[in-house]
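K.L.:
If you scroll down you'll find the structure; I have some questions about it.
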Amino acid sequence: MTLANYINDLLYRYDCVIVPNFGGFVTNKIGARVNTTTHTFYPPKKQLTFNAYLQHNDGLLANYIASSKNSSFEEAVTFIAEEVAQWNEKLETTSITVASVGSLSLNEAKQVVFEPNLSSNFLTESFGLAEVSTPSVERVKEVTIKSLPAATKENRKTIPLYLKRTAAAAVFVGIAYVGWNGVQNQQQQVLANQEEAVEKKIQSATFVIENPLPTINLNVSKEDRNFHIIAGAFQEEHNAENKLAELEEKGYDASIVGKNGLGLTQVAFASYATKEEARKALEIIKKSVSEEAWLLAK
């Protein structure tokens, strides 16, 4: 399987899948909606977005790949790095398709642009649900018939034929109106039956996965992250807190790692358990964010 397929699988289970040193695919659940112009009902789904600042390796993707390929975590990390390198190379000349997730391309500013695949629905609760279109029903204005004035004896004597014809016309219009109401009620009953049938069909719908995903058992132990990529050191603590908030807003797993020998409060972009992992991240940050970033080992 390719990296794109692993991402595609995980998006059915998780709301965010981070590709280390590349970016994160984030989902947002939206409810069912209706298009009043086309009379089409759409089921709930997961709306997909891409955040280029989410690059920290949270272990989810690597652990899933390691479990699927029966390999080590380190081998999975290497596999991801190689695939990401190929993605970056292809993006220089063309766009790439990430399974049924969507497509990635670069704009004029060399920023990654994500176009989600609108036909894909990663919300498991909506499996078996499809778009439903219903015919439109035209409304007919009701006609109000005023009662005829009572005829006097003189009128009945002089124009009995007129009254007879008028009465007959009124009876005919009344019958036609009652008949039309019956047609309208019948149309409403048909629509109600259609909606009931659709609801029963939705309730009984099932989704069968021929190749279900294997169960992931993550044995996560708390590890010491003693290698920090320093973004800056500040004399005033409130300046350090402002820098921390700025980095967190950009998607970094930032933290304050204490004071140095000069009493300056140090703020880190992120912290890592191994020196090798920290060096790789530092190289990327120096190229794309800040050349003044440096590695601190505690």
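Chain labels run A, B, ... following the order of the structure tokens; each chain numbers its residues from 1, and ligands are numbered from 1 in the order shown.
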Excluding stretch 239-248 of chain A and its own-chain neighbours fewer than 6 positions away, which residues fall within 10 Å of it when counting only C-alpha atoms? Please give them as a VMD selection string.
P.N.:
chain A and resid 53 231 to 233 254 to 256 264 to 270
K.L.:
Write the selection just made, keeping all heavy atoms, as a tab-separated table (two decimals), in the first residue's frame?
P.N.:
```tsv
chain	number	residue	atom	x	y	z
A	53	TYR	N	0.75	23.39	8.80
A	53	TYR	CA	1.52	23.61	10.02
A	53	TYR	C	1.52	22.39	10.94
A	53	TYR	O	2.31	22.32	11.88
A	53	TYR	CB	0.97	24.81	10.78
A	53	TYR	CG	1.20	26.13	10.08
A	53	TYR	CD1	0.14	26.81	9.47
A	53	TYR	CD2	2.47	26.70	10.01
A	53	TYR	CE1	0.34	28.02	8.81
A	53	TYR	CE2	2.67	27.91	9.37
A	53	TYR	CZ	1.62	28.56	8.77
A	53	TYR	OH	1.82	29.75	8.12
A	231	ALA	N	13.12	28.07	19.88
A	231	ALA	CA	12.67	29.16	19.01
A	231	ALA	C	13.15	30.52	19.51
A	231	ALA	O	13.28	31.47	18.74
A	231	ALA	CB	11.15	29.17	18.92
A	232	GLY	N	13.44	30.62	20.81
A	232	GLY	CA	13.91	31.88	21.35
A	232	GLY	C	14.04	31.83	22.87
A	232	GLY	O	13.49	30.94	23.53
A	233	ALA	N	14.77	32.76	23.43
A	233	ALA	CA	14.95	32.88	24.88
A	233	ALA	C	14.61	34.31	25.28
A	233	ALA	O	15.05	35.27	24.64
A	233	ALA	CB	16.39	32.53	25.27
A	254	ALA	N	4.46	23.26	20.86
A	254	ALA	CA	5.43	24.11	21.54
A	254	ALA	C	5.34	23.96	23.06
A	254	ALA	O	4.33	23.51	23.60
A	254	ALA	CB	5.21	25.56	21.13
A	255	SER	N	6.44	24.39	23.72
A	255	SER	CA	6.46	24.34	25.19
A	255	SER	C	7.55	25.26	25.72
A	255	SER	O	8.47	25.65	24.99
A	255	SER	CB	6.72	22.90	25.67
A	255	SER	OG	7.98	22.44	25.22
A	256	ILE	N	7.44	25.61	27.01
A	256	ILE	CA	8.49	26.36	27.70
A	256	ILE	C	9.36	25.34	28.42
A	256	ILE	O	8.87	24.54	29.22
A	256	ILE	CB	7.88	27.36	28.68
A	256	ILE	CG1	7.11	28.45	27.92
A	256	ILE	CG2	8.96	27.98	29.55
A	256	ILE	CD1	6.42	29.46	28.81
A	264	LEU	N	17.29	33.34	31.19
A	264	LEU	CA	16.32	33.61	30.12
A	264	LEU	C	15.39	32.41	29.95
A	264	LEU	O	15.83	31.26	29.97
A	264	LEU	CB	17.05	33.89	28.81
A	264	LEU	CG	18.04	35.07	28.83
A	264	LEU	CD1	18.70	35.23	27.46
A	264	LEU	CD2	17.32	36.37	29.22
A	265	THR	N	14.10	32.71	29.79
A	265	THR	CA	13.09	31.65	29.60
A	265	THR	C	13.11	31.17	28.16
A	265	THR	O	12.95	31.96	27.23
A	265	THR	CB	11.69	32.16	29.95
A	265	THR	OG1	11.69	32.64	31.30
A	265	THR	CG2	10.65	31.06	29.80
A	266	GLN	N	13.34	29.86	27.97
A	266	GLN	CA	13.48	29.29	26.63
A	266	GLN	C	12.16	28.67	26.15
A	266	GLN	O	11.50	27.96	26.92
A	266	GLN	CB	14.58	28.24	26.62
A	266	GLN	CG	15.93	28.80	27.02
A	266	GLN	CD	16.99	27.72	27.10
A	266	GLN	OE1	17.92	27.68	26.30
A	266	GLN	NE2	16.86	26.83	28.08
A	267	VAL	N	11.80	28.96	24.88
A	267	VAL	CA	10.58	28.43	24.26
A	267	VAL	C	10.98	27.54	23.09
A	267	VAL	O	11.81	27.93	22.26
A	267	VAL	CB	9.66	29.56	23.76
A	267	VAL	CG1	8.40	28.99	23.14
A	267	VAL	CG2	9.31	30.49	24.92
A	268	ALA	N	10.40	26.34	23.04
A	268	ALA	CA	10.75	25.37	22.00
A	268	ALA	C	9.63	25.21	20.98
A	268	ALA	O	8.45	25.24	21.33
A	268	ALA	CB	11.07	24.01	22.62
A	269	PHE	N	10.02	25.06	19.70
A	269	PHE	CA	9.05	24.71	18.66
A	269	PHE	C	8.39	23.38	19.01
A	269	PHE	O	7.18	23.22	18.93
A	269	PHE	CB	9.74	24.56	17.29
A	269	PHE	CG	10.06	25.86	16.62
A	269	PHE	CD1	11.32	26.41	16.70
A	269	PHE	CD2	9.10	26.54	15.89
A	269	PHE	CE1	11.63	27.61	16.08
A	269	PHE	CE2	9.39	27.72	15.25
A	269	PHE	CZ	10.66	28.27	15.34
A	270	ALA	N	9.21	22.39	19.35
A	270	ALA	CA	8.75	21.05	19.69
A	270	ALA	C	9.88	20.33	20.42
A	270	ALA	O	11.04	20.76	20.38
A	270	ALA	CB	8.32	20.28	18.45
```
K.L.:
When you look at stretch 99-114 of chain A with a cut-off of 7 Å (counting only C-alpha atoms), what residues show up, excluding the ones that are within fewer than 3 positions of it in the same chain? I need them as a compact mmCIF listing (two decimals) with C-alpha atoms, in the first residue's frame.
P.N.:
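Result file is around38.txt:
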```txt
# COMPACT_ATOMS: atom_id res chain seq x y z
CA ALA A 4 -2.04 7.80 0.48
CA ASN A 5 -3.95 4.55 1.11
CA ASN A 8 -7.36 7.20 3.45
CA PHE A 50 -5.45 20.46 5.08
CA LEU A 91 4.53 18.88 -6.48
CA THR A 94 2.33 18.63 -11.15
CA SER A 95 -0.46 17.87 -8.71
CA ILE A 96 -0.79 14.59 -6.82
CA ASN A 117 -12.81 14.85 -3.14
CA SER A 120 -16.00 10.79 -0.63
```
K.L.:
When you draw a straight line from atom CA of A:Tyr252 to atom CA of A:His56, how long is it in Å?
P.N.:
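Separation of atom CA of A:Tyr252 and atom CA of A:His56: 7.0 Å.
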K.L.:
Report, in Å with one decimal, the straight-line distance from atom CA of A:Ile7 to atom CA of A:Phe22.
P.N.:
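Here the two named atoms are 12.8 Å from each other.
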K.L.:
Show which residues sit within 9 Å of A:Leu54, as a PyMOL selection string. Count only C-alpha atoms, and ignore same-chain residues fewer than 3 positions away.
P.N.:
chain A and resi 18-25+50-51+57+250-253
K.L.:
Using DSSP on the backbone, list every residue of stretch 75-114 of chain A that comes out as helix (DSSP H, G or I), and give them as a PDB file with C-alpha atoms, in the first residue's frame.
P.N.:
```
ATOM      1  CA  GLU A  75      10.981   1.519   9.535  1.00  0.00           C
ATOM      2  CA  ALA A  76       7.515   3.057   9.266  1.00  0.00           C
ATOM      3  CA  VAL A  77       8.947   6.545   9.927  1.00  0.00           C
ATOM      4  CA  THR A  78      11.521   5.984   7.181  1.00  0.00           C
ATOM      5  CA  PHE A  79       8.795   4.825   4.801  1.00  0.00           C
ATOM      6  CA  ILE A  80       6.790   8.000   5.476  1.00  0.00           C
ATOM      7  CA  ALA A  81       9.842  10.231   4.947  1.00  0.00           C
ATOM      8  CA  GLU A  82      10.606   8.601   1.592  1.00  0.00           C
ATOM      9  CA  GLU A  83       7.002   8.976   0.401  1.00  0.00           C
ATOM     10  CA  VAL A  84       6.922  12.628   1.513  1.00  0.00           C
ATOM     11  CA  ALA A  85      10.150  13.289  -0.407  1.00  0.00           C
ATOM     12  CA  GLN A  86       8.521  11.871  -3.541  1.00  0.00           C
ATOM     13  CA  TRP A  87       5.431  14.023  -2.955  1.00  0.00           C
ATOM     14  CA  ASN A  88       7.518  17.199  -2.632  1.00  0.00           C
ATOM     15  CA  GLU A  89       9.391  16.353  -5.820  1.00  0.00           C
ATOM     16  CA  LYS A  90       6.197  15.719  -7.806  1.00  0.00           C
ATOM     17  CA  LEU A  91       4.532  18.884  -6.483  1.00  0.00           C
TER      18      LEU A  91
END
```
K.L.:
Between A:Val257, A:Gln55, A:Phe234, A:Ile229, which one has atoms that come closest to A:Ser290, using only C-alpha atoms?
P.N.:
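Checking each of A:Val257, A:Gln55, A:Phe234, A:Ile229 against A:Ser290, counting only C-alpha atoms, the winner is A:Ile229.
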K.L.:
Just the number, please: distance in Å from atom CA of A:Ile230 to atom CA of A:Lys287, one decimal.
P.N.:
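According to the coordinates, atom CA of A:Ile230 and atom CA of A:Lys287 are separated by 14.6 Å.
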K.L.:
In terms of the shortest atom-to-atom distance over only C-alpha atoms, which of A:Glu92, A:Glu74, A:Glu291, A:Glu196 is closest to A:Thr274?
P.N.:
A:Glu74
K.L.:
Select, from A:Arg279, A:Thr124, A:Ser288, A:Leu262, the residue with the minimum atom-to-atom distance to A:Ala52, counting only C-alpha atoms.
P.N.:
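Closest to A:Ala52, using only C-alpha atoms: A:Ser288.
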K.L.:
Skipping near chain neighbours, those fewer than 3 positions away, what residues fall within 12 Å of A:Asn121 using only C-alpha atoms, listed as a VMD selection string?
P.N.:
chain A and resid 8 to 9 11 to 12 27 to 30 42 to 48 100 to 102 116 to 118 124 to 131
